[in-house]
>>> print(open('protein.cif').read())   # mmCIF, C-alpha atoms
data_entry
loop_
_atom_site.label_atom_id
_atom_site.label_comp_id
_atom_site.auth_asym_id
_atom_site.auth_seq_id
_atom_site.Cartn_x
_atom_site.Cartn_y
_atom_site.Cartn_z
CA MET A 1 -9.38 -78.50 -50.84
CA LEU A 2 -11.87 -78.49 -48.01
CA ARG A 3 -8.99 -78.24 -45.55
CA ILE A 4 -7.56 -75.21 -47.32
CA ARG A 5 -10.93 -73.45 -47.22
CA THR A 6 -11.29 -74.23 -43.52
CA LEU A 7 -7.85 -72.80 -42.80
CA SER A 8 -8.62 -69.70 -44.88
CA LEU A 9 -11.90 -69.08 -43.09
CA GLY A 10 -10.20 -69.54 -39.72
CA ALA A 11 -7.49 -67.02 -40.62
CA LEU A 12 -10.12 -64.55 -41.82
CA ALA A 13 -12.09 -64.91 -38.58
CA LEU A 14 -8.93 -64.39 -36.53
CA ALA A 15 -8.06 -61.27 -38.52
CA LEU A 16 -11.54 -59.84 -38.08
CA SER A 17 -11.46 -60.49 -34.33
CA ALA A 18 -8.11 -58.71 -34.02
CA ALA A 19 -9.19 -55.68 -36.07
CA PRO A 20 -10.97 -53.82 -33.19
CA VAL A 21 -7.93 -54.28 -30.96
CA LEU A 22 -5.62 -52.90 -33.64
CA ALA A 23 -8.03 -50.05 -34.31
CA ALA A 24 -8.08 -49.18 -30.59
CA ASP A 25 -4.29 -49.18 -30.53
CA LEU A 26 -4.20 -46.89 -33.55
CA THR A 27 -6.76 -44.41 -32.16
CA TYR A 28 -5.24 -40.90 -31.99
CA GLU A 29 -5.41 -39.16 -28.65
CA PRO A 30 -4.52 -35.44 -28.84
CA ALA A 31 -1.91 -34.17 -26.40
CA PRO A 32 -3.31 -32.16 -23.48
CA ALA A 33 -3.46 -28.44 -24.17
CA PRO A 34 -0.63 -26.51 -22.54
CA MET A 35 -1.62 -24.53 -19.46
CA ALA A 36 -1.79 -20.80 -20.03
CA ALA A 37 1.02 -18.88 -18.42
CA ALA A 38 0.02 -16.84 -15.38
CA GLN A 39 -0.61 -13.25 -16.36
CA ALA A 40 1.80 -10.73 -14.85
CA PHE A 41 0.26 -8.42 -12.25
CA SER A 42 -0.31 -4.85 -13.44
CA TRP A 43 -0.15 -1.94 -11.00
CA THR A 44 -2.08 0.37 -13.33
CA GLY A 45 -5.41 1.62 -12.01
CA PRO A 46 -7.17 3.32 -9.08
CA TYR A 47 -7.17 1.99 -5.54
CA VAL A 48 -8.49 2.76 -2.05
CA GLY A 49 -7.45 1.49 1.36
CA ALA A 50 -7.33 1.89 5.13
CA MET A 51 -4.29 2.15 7.39
CA VAL A 52 -3.18 2.31 11.02
CA GLY A 53 0.11 3.54 12.39
CA TYR A 54 2.14 4.96 15.21
CA GLY A 55 3.78 8.38 15.21
CA TRP A 56 6.40 10.32 17.13
CA SER A 57 6.32 14.12 17.26
CA SER A 58 8.81 16.85 18.07
CA ASN A 59 7.23 20.13 19.28
CA ASP A 60 8.98 23.45 19.92
CA ALA A 61 7.48 26.59 21.47
CA ASP A 62 9.76 29.62 21.21
CA THR A 63 8.21 32.02 23.75
CA LEU A 64 9.56 32.41 27.28
CA GLY A 65 7.07 30.93 29.72
CA ALA A 66 5.69 28.36 27.24
CA PHE A 67 6.54 24.67 27.46
CA GLY A 68 9.74 24.81 25.38
CA SER A 69 10.46 21.55 23.56
CA VAL A 70 8.50 18.35 24.15
CA ASN A 71 8.30 15.03 22.33
CA GLY A 72 5.10 13.10 21.86
CA SER A 73 3.81 9.79 20.53
CA GLY A 74 0.55 8.03 19.76
CA PHE A 75 -1.62 6.15 17.31
CA LYS A 76 -3.00 7.19 13.94
CA GLY A 77 -5.58 5.74 11.60
CA GLY A 78 -7.11 6.77 8.31
CA LEU A 79 -7.94 6.20 4.65
CA TYR A 80 -5.98 6.56 1.42
CA ALA A 81 -6.76 6.61 -2.29
CA GLY A 82 -4.70 6.97 -5.43
CA TYR A 83 -3.90 5.97 -8.98
CA ASN A 84 -0.89 4.09 -10.32
CA PHE A 85 0.42 3.92 -13.87
CA ASP A 86 2.66 0.98 -14.77
CA LEU A 87 5.18 2.21 -17.34
CA GLY A 88 5.81 -1.34 -18.54
CA ASN A 89 9.54 -1.45 -17.73
CA GLN A 90 9.08 -2.22 -14.01
CA TRP A 91 8.77 1.48 -13.14
CA VAL A 92 5.49 2.62 -11.62
CA VAL A 93 4.40 6.23 -11.06
CA GLY A 94 1.30 7.54 -9.36
CA ALA A 95 -0.41 10.01 -7.05
CA GLU A 96 -2.02 9.46 -3.66
CA ILE A 97 -3.96 11.33 -0.99
CA ASP A 98 -4.67 10.30 2.60
CA ALA A 99 -6.52 11.60 5.66
CA ASN A 100 -5.91 10.49 9.26
CA LEU A 101 -7.25 10.98 12.76
CA ASP A 102 -4.36 11.34 15.21
CA ASP A 103 -3.77 11.06 18.92
CA VAL A 104 -0.08 11.99 18.99
CA SER A 105 0.67 14.10 22.06
CA GLY A 106 3.49 15.19 24.31
CA SER A 107 3.66 17.37 27.40
CA ASN A 108 5.67 18.43 30.43
CA VAL A 109 4.80 20.26 33.67
CA ILE A 110 4.26 23.53 31.76
CA GLY A 111 2.12 22.35 28.82
CA GLY A 112 2.20 20.44 25.55
CA VAL A 113 0.87 19.78 22.04
CA ARG A 114 -1.54 17.20 20.66
CA GLN A 115 -1.74 16.43 16.94
CA LYS A 116 -5.43 15.97 16.10
CA TRP A 117 -5.52 15.05 12.40
CA ASP A 118 -3.38 15.21 9.28
CA GLY A 119 -3.52 14.65 5.55
CA THR A 120 -1.13 14.50 2.61
CA ALA A 121 -1.17 14.78 -1.20
CA ARG A 122 1.85 13.00 -2.65
CA ALA A 123 3.52 11.66 -5.77
CA ARG A 124 4.79 8.07 -5.76
CA VAL A 125 7.61 6.54 -7.81
CA GLY A 126 8.29 2.83 -7.49
CA TYR A 127 10.08 -0.17 -8.95
CA ALA A 128 8.00 -3.32 -9.35
CA PHE A 129 9.10 -6.93 -8.96
CA ASP A 130 5.90 -8.39 -10.46
CA ARG A 131 3.58 -8.42 -7.41
CA TYR A 132 5.93 -6.45 -5.17
CA LEU A 133 6.50 -2.69 -5.32
CA ALA A 134 9.22 -0.69 -3.55
CA TYR A 135 8.49 3.03 -3.71
CA GLY A 136 9.39 6.50 -2.55
CA THR A 137 6.84 9.23 -1.96
CA GLY A 138 6.71 12.95 -1.25
CA GLY A 139 4.45 15.98 -1.37
CA ALA A 140 2.37 18.43 0.65
CA ALA A 141 1.14 17.84 4.21
CA ILE A 142 -1.41 19.50 6.47
CA SER A 143 -2.17 18.95 10.16
CA ALA A 144 -4.23 20.40 12.98
CA ALA A 145 -2.82 20.62 16.51
CA LYS A 146 -3.88 21.85 19.91
CA ALA A 147 -1.36 23.53 22.22
CA THR A 148 -1.87 24.09 25.94
CA VAL A 149 0.10 26.17 28.44
CA ASN A 150 -0.99 25.35 31.97
CA GLY A 151 -2.68 28.31 33.65
CA LEU A 152 -2.77 30.36 30.43
CA GLY A 153 -5.20 28.37 28.27
CA SER A 154 -5.04 26.58 24.90
CA ASP A 155 -5.46 27.24 21.19
CA ASP A 156 -5.93 25.22 17.96
CA GLN A 157 -4.12 25.91 14.70
CA THR A 158 -3.68 24.30 11.29
CA HIS A 159 -0.17 23.79 9.92
CA MET A 160 0.93 23.42 6.30
CA GLY A 161 4.15 21.58 5.46
CA TRP A 162 5.73 18.79 3.46
CA THR A 163 6.39 15.07 3.74
CA VAL A 164 8.70 12.41 2.31
CA GLY A 165 8.73 8.67 2.83
CA ALA A 166 9.24 5.19 1.45
CA GLY A 167 7.44 1.87 1.56
CA VAL A 168 6.89 -1.63 0.24
CA GLU A 169 3.59 -2.87 -1.17
CA ALA A 170 2.53 -6.33 -2.38
CA GLN A 171 -0.42 -8.04 -4.00
CA VAL A 172 -1.62 -10.53 -1.38
CA TRP A 173 -4.82 -11.90 -2.97
CA ASN A 174 -6.52 -11.14 -6.30
CA ASN A 175 -6.91 -7.34 -6.30
CA VAL A 176 -6.03 -6.87 -2.60
CA THR A 177 -2.70 -5.26 -1.66
CA ALA A 178 -0.91 -4.70 1.64
CA ARG A 179 1.78 -2.16 2.49
CA VAL A 180 4.20 -0.97 5.15
CA GLU A 181 5.33 2.66 4.95
CA TYR A 182 7.47 5.24 6.74
CA GLN A 183 6.82 8.99 6.51
CA TYR A 184 8.57 12.05 7.84
CA ALA A 185 6.50 15.26 7.91
CA SER A 186 7.50 18.81 8.80
CA PHE A 187 4.46 20.97 9.51
CA GLY A 188 6.14 24.34 9.92
CA LYS A 189 5.47 27.10 12.42
CA GLU A 190 2.17 28.67 13.47
CA HIS A 191 1.26 31.30 16.09
CA TYR A 192 -0.91 30.11 18.99
CA ASN A 193 -2.87 32.75 20.90
CA ILE A 194 -2.12 31.62 24.43
CA GLY A 195 -1.52 34.11 27.22
CA THR A 196 -0.72 37.78 26.61
CA SER A 197 1.61 37.58 23.62
CA GLY A 198 1.00 34.03 22.40
CA THR A 199 3.68 31.63 21.24
CA ASP A 200 5.02 30.28 17.94
CA ILE A 201 5.05 26.50 17.72
CA ASP A 202 6.45 24.27 15.02
CA PHE A 203 6.33 20.49 14.99
CA SER A 204 7.35 17.48 12.92
CA THR A 205 6.43 13.81 13.00
CA ASN A 206 7.87 10.42 12.12
CA THR A 207 5.26 7.79 11.35
CA ILE A 208 5.28 4.08 10.62
CA ARG A 209 2.02 2.70 9.27
CA ALA A 210 0.53 -0.38 7.64
CA GLY A 211 -2.37 -0.50 5.22
CA VAL A 212 -4.61 -2.82 3.20
CA GLY A 213 -6.06 -1.64 -0.10
CA VAL A 214 -8.25 -2.74 -3.00
CA LYS A 215 -7.13 -2.13 -6.59
CA PHE A 216 -9.77 -1.62 -9.29
#
>>> encode(input="protein.cif", output="structure tokens")
Amino acid sequence: MLRIRTLSLGALALALSAAPVLAADLTYEPAPAPMAAAQAFSWTGPYVGAMVGYGWSSNDADTLGAFGSVNGSGFKGGLYAGYNFDLGNQWVVGAEIDANLDDVSGSNVIGGVRQKWDGTARARVGYAFDRYLAYGTGGAAISAAKATVNGLGSDDQTHMGWTVGAGVEAQVWNNVTARVEYQYASFGKEHYNIGTSGTDIDFSTNTIRAGVGVKF
């Protein structure tokens, strides 16, 4: 009888010693929470930025004795601002304005033209691939130029015209975007009071530019 009690007490002690181990094995550990999916980038909202570029100009003076036709080139730099609206089906529409200081000039032995500044007000329509946007743009353009005819003097005029272009823009970090863009602008014809009768000059430009902007 004593032996049976001893065996029973030993079994009970062994069971009690094993209980914490079994309890630890049976402890429930919740599965790690799933990571939230990265939120898709939205193009909706206002933005501002700065840009630099290089332009090529074609200038034509139609009066005998003026410089005729000359081509020019030079650097540009300026600021832009706009607002985009993401339509939700990958299409993005918006409006943008920009203003630039220019040093695009061309001349020959008779004279030439220098583009001094320009600005545009344009619509934009684009197709978004999440953080990338391919777009077309077009609208009104304005520019100031200075024409010189050697020996007869110079004059400054402001031209009104139109512009079209296309570009690619991408989100590069948080709310910072970068872009590369091409624009063609035709600034029409203006009369420059140079010499006795003056001369009519029209010019157009092709510009490639790159910019960095901040979206709000």
>>> closest_residue(input="protein.cif", among="A:Ala128, A:Val70, A:Val149, A:Ala185", to="Val93 of chain A", atoms="all atoms listed in the file")
A:Ala128
>>> closest_residue(input="protein.cif", among="A:Gly78, A:Gly94, A:Gly138, A:Gly151", to="Met51 of chain A", atoms="all atoms listed in the file")
A:Gly78
>>> closest_residue(input="protein.cif", among="A:Gly55, A:Gly82, A:Gly126, A:Gly139", to="Ser105 of chain A", atoms="all atoms listed in the file")
A:Gly55
>>> atom_distance(input="protein.cif", atom1="atom CA of Asn174 of chain A", atom2="atom CA of Asn100 of chain A")
26.7 Å
>>> closest_residue(input="protein.cif", among="A:Ala178, A:Ala66, A:Val48, A:Ala134", to="Lys215 of chain A", atoms="all atoms listed in the file")
A:Val48
>>> resolve_selection(input="protein.cif", expression="the PyMOL selection byres ((chain A and resi 112) around 6)", output="list of chain:residue names")
A:Gly106, A:Ser107, A:Gly111, A:Val113, A:Ala147, A:Thr148
>>> residues_around(input="protein.cif", residues="Thr177 of chain A", least_positions_apart="4", cutoff="7 Å", atoms="only C-alpha atoms", output="PyMOL selection string")
chain A and resi 169-172+212-214
>>> residues_around(input="protein.cif", residues="Ala141 of chain A", least_positions_apart="2", cutoff="6 Å", atoms="all atoms listed in the file", output="PDB file with C-alpha atoms, in the coordinates of the input")
ATOM      1  CA  GLY A 119      -3.520  14.650   5.550  1.00  0.00           C
ATOM      2  CA  THR A 120      -1.130  14.500   2.610  1.00  0.00           C
ATOM      3  CA  MET A 160       0.930  23.420   6.300  1.00  0.00           C
ATOM      4  CA  GLY A 161       4.150  21.580   5.460  1.00  0.00           C
ATOM      5  CA  TRP A 162       5.730  18.790   3.460  1.00  0.00           C
ATOM      6  CA  THR A 163       6.390  15.070   3.740  1.00  0.00           C
TER       7      THR A 163
END
>>> closest_residue(input="protein.cif", among="A:Leu133, A:Ile97, A:Val168, A:Val104", to="Trp43 of chain A", atoms="all atoms listed in the file")
A:Leu133
>>> resolve_selection(input="protein.cif", expression="the PyMOL selection byres ((chain A and resi 144) around 12)", output="number ranges by chain")
A: 99-104, 113-119, 141-143, 145-147, 155-161, 187-190, 192, 202-204
>>> residues_around(input="protein.cif", residues="Phe216 of chain A", least_positions_apart="3", cutoff="9 Å", atoms="all atoms listed in the file", output="MDAnalysis selection string")
chainID A and resid 44:48 175
>>> atom_distance(input="protein.cif", atom1="atom CA of Tyr127 of chain A", atom2="atom CA of Glu181 of chain A")
15.0 Å
>>> resolve_selection(input="protein.cif", expression="the PyMOL selection byres ((chain A and resi 57) around 6)", output="PDB file with C-alpha atoms, in the frame of the given file")
ATOM      1  CA  TRP A  56       6.400  10.320  17.130  1.00  0.00           C
ATOM      2  CA  SER A  58       8.810  16.850  18.070  1.00  0.00           C
ATOM      3  CA  ASN A  71       8.300  15.030  22.330  1.00  0.00           C
ATOM      4  CA  GLY A  72       5.100  13.100  21.860  1.00  0.00           C
ATOM      5  CA  SER A  73       3.810   9.790  20.530  1.00  0.00           C
ATOM      6  CA  SER A 204       7.350  17.480  12.920  1.00  0.00           C
ATOM      7  CA  THR A 205       6.430  13.810  13.000  1.00  0.00           C
TER       8      THR A 205
END
>>> atom_distance(input="protein.cif", atom1="atom CA of Tyr182 of chain A", atom2="atom CA of Leu87 of chain A")
24.4 Å
